[in-house]
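A.B. asks: This is the structure I want to talk about, given as structure tokens.
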Amino acid sequence: MRRMMAVCNKELQAYFLSPTSYFAFAVYVLMTSLLFYSSFVYYQPSIVDYRLVLGDTLSMLLFVVPLLTMRLVAEEFRQGTDELLLTSPARVTEIIFGKYLASLAILVVLILCSLVYPFIMSFYGTLDMTTVWMSALGLFFLGGSMMAIGLFASTLSQHQMVSAVAGFIILLVLWMLDSFAGNTGSVLQQWLDPFALTNRFDSFMKGVLSGPDILYYVTLSGVFLLLSIQIVERKRWR
Amino acid sequence: MKKWLSHTNSTVLSVAVIGIFILLTLFLNSLGGFQLDLTSNKQYTLSDQSLTAIKDVKDDVNILVLTVENANNTVLNREVTDMVEEYTKRNSKLKIKQYNLTQEPALASKYGITGSSIVLEQGDQHKVIDIASLFTATGDGSDGSYQFTGEEKLTQALMNMSSTEMHKMVFLTGHEELSLAQMTTLQSSLEQNNVQTEELQLNQAGKVPEDADVLAIIGPQRDLSDTEMKAIRTYLSNGGKLLLSLGFVEDMKSSWKNIDALMADYGVVDEHAVMVDNQQASTMGPLWVVPEYGTHAITDKLAASQLYPMLSLSIALTSKEQDKYTLSPLIQSSSDSYGETNIGGLLQNETTNDAEEDIQGPVELGYAADTTDGKPKAVILGSSIFMQDSEIANGGNRDFILNTVNYLSEKENGLTIRPRVQAGYEMAYLNGEQARTIFFVAIVAFPLIFVIIGVLLWWRRRRV
């Protein structure tokens with residue numbers, strides 16, 4: 001646990017002391033703000049409903065998560081510090097979980113940024129706060145599983161951009177899974193639907209805490225963390 | 001060897017974990033309603049009746065949500081889709097398909113729909129629910145709050161779909177009644193409610209079919225013949241049920257001998273007066289009455305949902321003492337209304353309330369006659385035009401007549417799912433200054449904060 005926290009602290013310092021992170025945050029915030037502006041202000045009169053705004057801004061996570069996670073492990077491989085890490089007393093599990101924990105902390109910052117929009121909306125009408133808080137919780141679960149996928153992608157290569165692209169592709173496939181078979185209600189769609197990333201987020205936005213949805217995000221994160229551990233372990237044996 | 005073993009272990013473990021994840025997700029997904037509804041009015045918690053109806057679906061049902069998208073109905077369309085999703089979560093036999101109606105003219109034509117609708121499709125049969133009919137403003141509508149009866153209507157349609165209970169209703173013709181061709185919407189709604197409809201020319205058929213649950217006489221312009229009266233009375237005395245709905249005729253006072261006699265069998269008296277209502281009239285004028293409901297199984301739920309019919313050229317009815325049936329007033333005009341007996345004057349647009357001659361409000365416009373043991377026998381209404389295609393979509397017209405037929409045909413699966421009251425969604429009308437403020441805060445200042453921190457860090461690092 002102590003070693004895991006040490007890895008986490010090191011990663012958080014890397015995040016928060018790096019100007020690049022802040023420029024990434026700025027781009028994320030600018031893009032989501034533009035989408036918020038277009039859905040809440042551009043068309044008048046607007047409806048004071050956070051769900052309508054969040055639905056538009058959600059897709060920004062697809063771009064920002066791979067950028068935030070790409071360096072997590074790839075950078076260690078590139079700089080050769082992975083050897084130091086892997087020969088340290090810390091187990092691979094602790095290293096991966098430490099890095100994941102740091103990415104969750106960054107996710108919380110992103111969620112806090114996204115709460116600025118309902119805060120602005122609340123000046124112009126009464127918001128249903130249940131759906132706002134539930135949406136924030138949903139963002140944590142959705143973003144958490146996306147961060148795990150980004151971390152996994154980061155273990156695949158020593159080149160950050162390759163990791164980012166791999167992470168983006170995996171996320172995009174899972175994001176679009178429900179629309180691959182079209183809106184036909186076909187058997188294929190029925191099988192794919194439960195695995196689509198965004199479908200699971202709908203319950204949170206409605207104000208419903210759904211057991212299968214939470215477990216989906218938790219197990220999806222678990223699967224990719226375990227795969228990340230296995231990939232790093234393989235490199236150790238190489 | 002050790003390396004090979006480790007790699008094999010790692011691969012097996014990874015495959016096993018992915019397999020477990022897939023199976024677990026599919027299993028949890030099949031649990032459907034394993035959830036906690038935190039919305040203030042438990043918006044996504046279905047009633048036991050709905051859950052039973054959903055569980056009872058054994059064959060595949062496609063639920064098509066066809067919506068017309070615009071800024072005004074975004075939230076309402078979403079509410080419908082959310083509700084249908086709650087159904088489809090709980091039984092894999094139910095499948096939701098969403099379409100933009102304007103992009104699907106073929107589907108619109110196939111199901112005969114022109115506005116946002118839910119279509120339930122199972123094999124060859126289908127049922128249509130008009131989405132506009134699911135929403136009713138509450139109170140005076142000023143706060144935008146509304147009632148949503150989607151669950152009741154969707155569950156009813158599902159139950160009708162799986163039900164084998166069929167009813168038959170025959171519509172009398174030959175006296176210039178409203179024909180089924182003039183009431184196609186009603187006919188299709190009845191058929192969706194498992195009520196088969198057909199027209200009956202009594203002079204040709206000789207008798208009312210014994211398997212008919214209800215005989216409907218809608219807006220007759222001519223009187224019944226004595227032979228027809230005899231056939232109708234025979235049918236009714238053998239357990240048949242009657243829906244008699246009057247239509248306006250100039251000389252009704254002198255020429256409706258048998259129709260009046262048929263009504264009198266149930267204690268209802270035709271006053272041959274046309275209702276003029278200055279208080280509860282619609283914007284169309286005083287001959288259009290928006291009546292109040294009496295207390296009865298037909299009207300109670302409609303009153304609770306504030307779904308009132310809009311009637312025109314309605315005939316005033318009263319009742320008289322008799323022993324065989326219990327009469328319940330269904331609809332009545334306001335106290336500020338009167339029944340104009342001077343039909344000639346009315347046709348010349350000359351109508352004043354003559355306290356001596358005219359029937360003083362409130363006046364009954366419809367009665368339900370039940371047998372003394374509480375079984376439905378007849379419904380007699382003073383108006384018919386509200387059933388025809390051009391009028392049936394107004395107010396609660398469709399719901400009122402469907403409830404009436406369901407009651408008469410003793411349909412057992414009538415539902416009592418309470419409508420959900422939703423707070424109106426709030427609209428924000430932003431002016432130019434407010435829009436500029438939001439632009440500055442969200443698009444300029446907010447990202448700038450991160451840029452400034454980034455630049456400061458970069459500057460500090462450069463100096464170090």
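Residues are named by chain letter and number: chains run A, B, ... in the order of the structure tokens, numbers start at 1 in each chain, and ligands are numbered from 1 in the order shown.
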Compute the set of chain A residues within 7 Å of chain B, using only C-alpha atoms, and express it as a count of residues only.

C.D. replies: 37

A.B. asks: Which neighbours of Ala153 in chain A fall inside 6 Å, counting only C-alpha atoms, when residues of the same chain fewer than 5 positions from it are skipped, and could you give them as a VMD selection string?

C.D. replies: chain A and resid 163 166 to 167

A.B. asks: Mind the document's chain letters and residue numbers, and return as a VMD selection string the residues of range 5-236 of chain A that DSSP labels strand (DSSP E or B).

C.D. replies: chain A and resid 46 to 47 208 to 210

A.B. asks: Find the residues around Leu137 in chain A up to 9 Å (only C-alpha atoms counted), leave out those fewer than 5 positions away in its own chain, and share them as an MDAnalysis selection string.

C.D. replies: chainID A and resid 111 132 142 204

A.B. asks: From a DSSP calculation on the backbone, collect every residue of range 132-192 of chain A in alpha helix (DSSP H) and output the set as a PyMOL selection string.

C.D. replies: chain A and resi 132-154+160-176+187-192

A.B. asks: I'd like the contact shell of Leu58 in chain A - 10 Å cut-off, only C-alpha atoms, skipping same-chain residues fewer than 3 positions apart - returned as a JSON list (two decimals) with C-alpha atoms, in the first residue's frame.

C.D. replies:
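Result file out_9.json:
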```json
[["chain", "number", "residue", "atom", "x", "y", "z"],
["A", 32, "THR", "CA", -16.37, 21.33, -23.48],
["A", 35, "LEU", "CA", -20.11, 22.53, -26.66],
["A", 53, "VAL", "CA", -25.49, 19.63, -21.91],
["A", 54, "LEU", "CA", -23.57, 16.67, -20.51],
["A", 55, "GLY", "CA", -24.65, 14.41, -23.37],
["A", 61, "LEU", "CA", -13.38, 12.26, -22.73],
["A", 62, "LEU", "CA", -12.58, 10.10, -25.75],
["A", 114, "SER", "CA", -17.41, 19.72, -15.74],
["A", 139, "LEU", "CA", -18.58, 10.36, -14.92],
["A", 142, "LEU", "CA", -17.15, 5.90, -16.88],
["A", 143, "GLY", "CA", -13.93, 7.94, -16.72],
["A", 198, "THR", "CA", -21.97, 5.14, -23.14],
["A", 201, "PHE", "CA", -23.90, 6.08, -18.48]]
```

A.B. asks: Closest to Leu85 in chain A among A:Ala148, A:Leu156, A:Phe40, A:Val232, using only C-alpha atoms?

C.D. replies: A:Val232

A.B. asks: Any idea what the distance is between CA of Val12 in chain B and CA of Phe180 in chain A?

C.D. replies: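 Straight-line distance from CA of Val12 in chain B to CA of Phe180 in chain A works out to 29.1 Å.
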
A.B. asks: Quick one: pull the distance between CA of Thr131 in chain A and CA of Val109 in chain A, Å, one decimal.

C.D. replies: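 Computing it gives 19.3 Å between the two atoms.
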
A.B. asks: When you draw a straight line from CA of Met166 in chain B to CA of Thr197 in chain B, how long is it in Å?

C.D. replies: 10.7 Å

A.B. asks: Pick from A:Leu151, A:Ala74, A:Ala164, A:Ala196: nearest to Ser221 in chain A, with only C-alpha atoms counted?

C.D. replies: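 Nearest candidate to Ser221 in chain A out of A:Leu151, A:Ala74, A:Ala164, A:Ala196: A:Leu151.
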
A.B. asks: For Arg78 in chain A, find every residue with an atom within 9 Å (counting only C-alpha atoms), except residues of its own chain fewer than 3 positions away, and show them as a ChimeraX atom specification.

C.D. replies: /A:73-75,81-82,157-160

A.B. asks: Could you pull the residues within 10 Å of Gly396 in chain B, counting only C-alpha atoms, minus those fewer than 3 positions along the same chain, as a list in words?

C.D. replies: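 Once the adjacent positions are removed, what remains is Ser133, Thr136, Val290, Leu302, Ala303, Ser305, Gln306, Leu307, Tyr308, Pro309, Met310, Phe386, Ile392, Ala393, Asp399, Phe400, Ile401 and Leu402 of chain B.
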
A.B. asks: Write the residues of the preceding selection, restricted to all heavy atoms, as a tab-separated table (two decimals), in the first residue's frame.

C.D. replies:
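See result-v5.tsv below for the written result:
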```tsv
chain	number	residue	atom	x	y	z
B	133	SER	N	-50.85	12.16	-26.71
B	133	SER	CA	-51.93	11.83	-25.77
B	133	SER	C	-51.38	11.41	-24.41
B	133	SER	O	-52.14	11.23	-23.46
B	133	SER	CB	-52.81	10.72	-26.35
B	133	SER	OG	-52.11	9.48	-26.28
B	136	THR	N	-50.40	15.61	-20.32
B	136	THR	CA	-51.48	16.55	-20.05
B	136	THR	C	-50.96	17.60	-19.09
B	136	THR	O	-50.31	17.25	-18.09
B	136	THR	CB	-52.66	15.83	-19.34
B	136	THR	OG1	-52.75	14.51	-19.82
B	136	THR	CG2	-53.96	16.56	-19.55
B	290	VAL	N	-67.41	22.01	-22.91
B	290	VAL	CA	-66.40	21.18	-22.25
B	290	VAL	C	-67.01	20.79	-20.90
B	290	VAL	O	-66.99	21.57	-19.95
B	290	VAL	CB	-65.08	21.95	-22.05
B	290	VAL	CG1	-64.03	21.05	-21.40
B	290	VAL	CG2	-64.57	22.48	-23.38
B	302	LEU	N	-60.37	9.72	-15.86
B	302	LEU	CA	-60.23	10.85	-16.79
B	302	LEU	C	-60.27	12.16	-16.03
B	302	LEU	O	-59.53	13.09	-16.33
B	302	LEU	CB	-61.35	10.81	-17.84
B	302	LEU	CG	-61.35	9.57	-18.75
B	302	LEU	CD1	-62.58	9.59	-19.65
B	302	LEU	CD2	-60.10	9.53	-19.58
B	303	ALA	N	-61.16	12.21	-15.01
B	303	ALA	CA	-61.25	13.42	-14.20
B	303	ALA	C	-59.93	13.65	-13.46
B	303	ALA	O	-59.45	14.78	-13.38
B	303	ALA	CB	-62.41	13.31	-13.22
B	305	SER	N	-57.04	12.83	-14.39
B	305	SER	CA	-56.01	13.28	-15.34
B	305	SER	C	-56.42	14.57	-16.05
B	305	SER	O	-55.69	15.04	-16.93
B	305	SER	CB	-55.76	12.22	-16.41
B	305	SER	OG	-55.42	11.02	-15.82
B	306	GLN	N	-57.59	15.08	-15.67
B	306	GLN	CA	-58.13	16.30	-16.30
B	306	GLN	C	-58.21	16.18	-17.82
B	306	GLN	O	-57.84	17.08	-18.57
B	306	GLN	CB	-57.29	17.51	-15.92
B	306	GLN	CG	-57.38	17.80	-14.43
B	306	GLN	CD	-56.80	19.14	-14.07
B	306	GLN	OE1	-55.69	19.46	-14.44
B	306	GLN	NE2	-57.58	19.93	-13.36
B	307	LEU	N	-58.71	15.03	-18.26
B	307	LEU	CA	-58.90	14.80	-19.70
B	307	LEU	C	-60.39	14.93	-20.00
B	307	LEU	O	-61.17	14.01	-19.78
B	307	LEU	CB	-58.44	13.38	-20.04
B	307	LEU	CG	-56.98	13.18	-20.42
B	307	LEU	CD1	-56.65	11.72	-20.55
B	307	LEU	CD2	-56.66	13.91	-21.72
B	308	TYR	N	-60.79	16.10	-20.48
B	308	TYR	CA	-62.21	16.36	-20.71
B	308	TYR	C	-62.54	16.31	-22.19
B	308	TYR	O	-61.76	16.79	-23.03
B	308	TYR	CB	-62.60	17.72	-20.14
B	308	TYR	CG	-62.48	17.78	-18.65
B	308	TYR	CD1	-61.38	18.36	-18.05
B	308	TYR	CD2	-63.46	17.19	-17.84
B	308	TYR	CE1	-61.25	18.38	-16.66
B	308	TYR	CE2	-63.34	17.22	-16.46
B	308	TYR	CZ	-62.23	17.81	-15.87
B	308	TYR	OH	-62.11	17.82	-14.52
B	309	PRO	N	-63.72	15.77	-22.53
B	309	PRO	CA	-64.11	15.78	-23.94
B	309	PRO	C	-64.58	17.17	-24.37
B	309	PRO	O	-64.93	18.01	-23.52
B	309	PRO	CB	-65.26	14.78	-24.01
B	309	PRO	CG	-65.84	14.77	-22.63
B	309	PRO	CD	-64.74	15.12	-21.69
B	310	MET	N	-64.56	17.41	-25.65
B	310	MET	CA	-65.10	18.66	-26.21
B	310	MET	C	-66.27	18.28	-27.10
B	310	MET	O	-66.08	17.63	-28.12
B	310	MET	CB	-64.03	19.37	-27.04
B	310	MET	CG	-63.01	20.10	-26.20
B	310	MET	SD	-61.66	20.73	-27.21
B	310	MET	CE	-62.57	21.86	-28.26
B	386	PHE	N	-68.08	14.28	-31.59
B	386	PHE	CA	-66.74	14.17	-31.03
B	386	PHE	C	-66.05	12.86	-31.39
B	386	PHE	O	-64.84	12.71	-31.23
B	386	PHE	CB	-66.77	14.35	-29.50
B	386	PHE	CG	-67.35	13.18	-28.74
B	386	PHE	CD1	-66.52	12.25	-28.15
B	386	PHE	CD2	-68.71	13.02	-28.61
B	386	PHE	CE1	-67.04	11.18	-27.45
B	386	PHE	CE2	-69.25	11.94	-27.91
B	386	PHE	CZ	-68.41	11.03	-27.33
B	392	ILE	N	-61.95	13.65	-32.94
B	392	ILE	CA	-61.61	12.70	-31.87
B	392	ILE	C	-60.28	13.00	-31.17
B	392	ILE	O	-60.08	12.65	-30.02
B	392	ILE	CB	-61.65	11.25	-32.40
B	392	ILE	CG1	-61.71	10.27	-31.23
B	392	ILE	CG2	-60.46	10.96	-33.32
B	392	ILE	CD1	-62.23	8.93	-31.57
B	393	ALA	N	-59.40	13.71	-31.88
B	393	ALA	CA	-58.09	14.00	-31.25
B	393	ALA	C	-58.19	15.16	-30.27
B	393	ALA	O	-57.26	15.41	-29.50
B	393	ALA	CB	-57.06	14.30	-32.33
B	399	ASP	N	-60.13	9.30	-25.27
B	399	ASP	CA	-60.07	8.55	-24.01
B	399	ASP	C	-61.47	8.31	-23.45
B	399	ASP	O	-61.77	7.25	-22.93
B	399	ASP	CB	-59.23	9.32	-22.99
B	399	ASP	CG	-57.80	9.48	-23.46
B	399	ASP	OD1	-57.55	10.41	-24.25
B	399	ASP	OD2	-56.97	8.66	-23.09
B	400	PHE	N	-62.32	9.33	-23.60
B	400	PHE	CA	-63.67	9.21	-23.05
B	400	PHE	C	-64.45	8.10	-23.75
B	400	PHE	O	-65.05	7.24	-23.10
B	400	PHE	CB	-64.41	10.55	-23.18
B	400	PHE	CG	-65.84	10.50	-22.73
B	400	PHE	CD1	-66.17	10.16	-21.43
B	400	PHE	CD2	-66.89	10.78	-23.61
B	400	PHE	CE1	-67.50	10.10	-21.01
B	400	PHE	CE2	-68.21	10.74	-23.21
B	400	PHE	CZ	-68.51	10.39	-21.91
B	401	ILE	N	-64.40	8.07	-25.07
B	401	ILE	CA	-65.19	7.06	-25.78
B	401	ILE	C	-64.57	5.66	-25.61
B	401	ILE	O	-65.28	4.67	-25.48
B	401	ILE	CB	-65.44	7.45	-27.26
B	401	ILE	CG1	-66.47	6.52	-27.90
B	401	ILE	CG2	-64.18	7.47	-28.08
B	401	ILE	CD1	-67.83	6.54	-27.26
B	402	LEU	N	-63.24	5.60	-25.57
B	402	LEU	CA	-62.61	4.28	-25.39
B	402	LEU	C	-62.92	3.73	-24.00
B	402	LEU	O	-63.19	2.55	-23.84
B	402	LEU	CB	-61.10	4.37	-25.60
B	402	LEU	CG	-60.63	4.50	-27.04
B	402	LEU	CD1	-59.11	4.54	-27.11
B	402	LEU	CD2	-61.14	3.36	-27.90
```

A.B. asks: Check the smallest atom-to-atom distance from each of B:Asp336, B:Asp323, B:Asp358, B:Glu191 to His272 in chain B using only C-alpha atoms, then report the winner.

C.D. replies: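 For His272 in chain B, the nearest of the candidates is B:Asp358.
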
A.B. asks: For each of B:Lys324, B:Thr341, B:Met229, B:Gln196, take the minimum atom-to-atom distance to Glu250 in chain B, counting only C-alpha atoms, then give the residue where this is smallest.

C.D. replies: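 Using only C-alpha atoms, Glu250 in chain B sits closest to B:Thr341.
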
A.B. asks: When you look at range 313-320 of chain B with a cut-off of 8 Å (counting only C-alpha atoms), what residues show up, excluding the ones that are within fewer than 6 positions of it in the same chain? I need them as a PyMOL selection string.

C.D. replies: chain B and resi 246-248+267-275+287-289+327+339+359+363-366+382-384
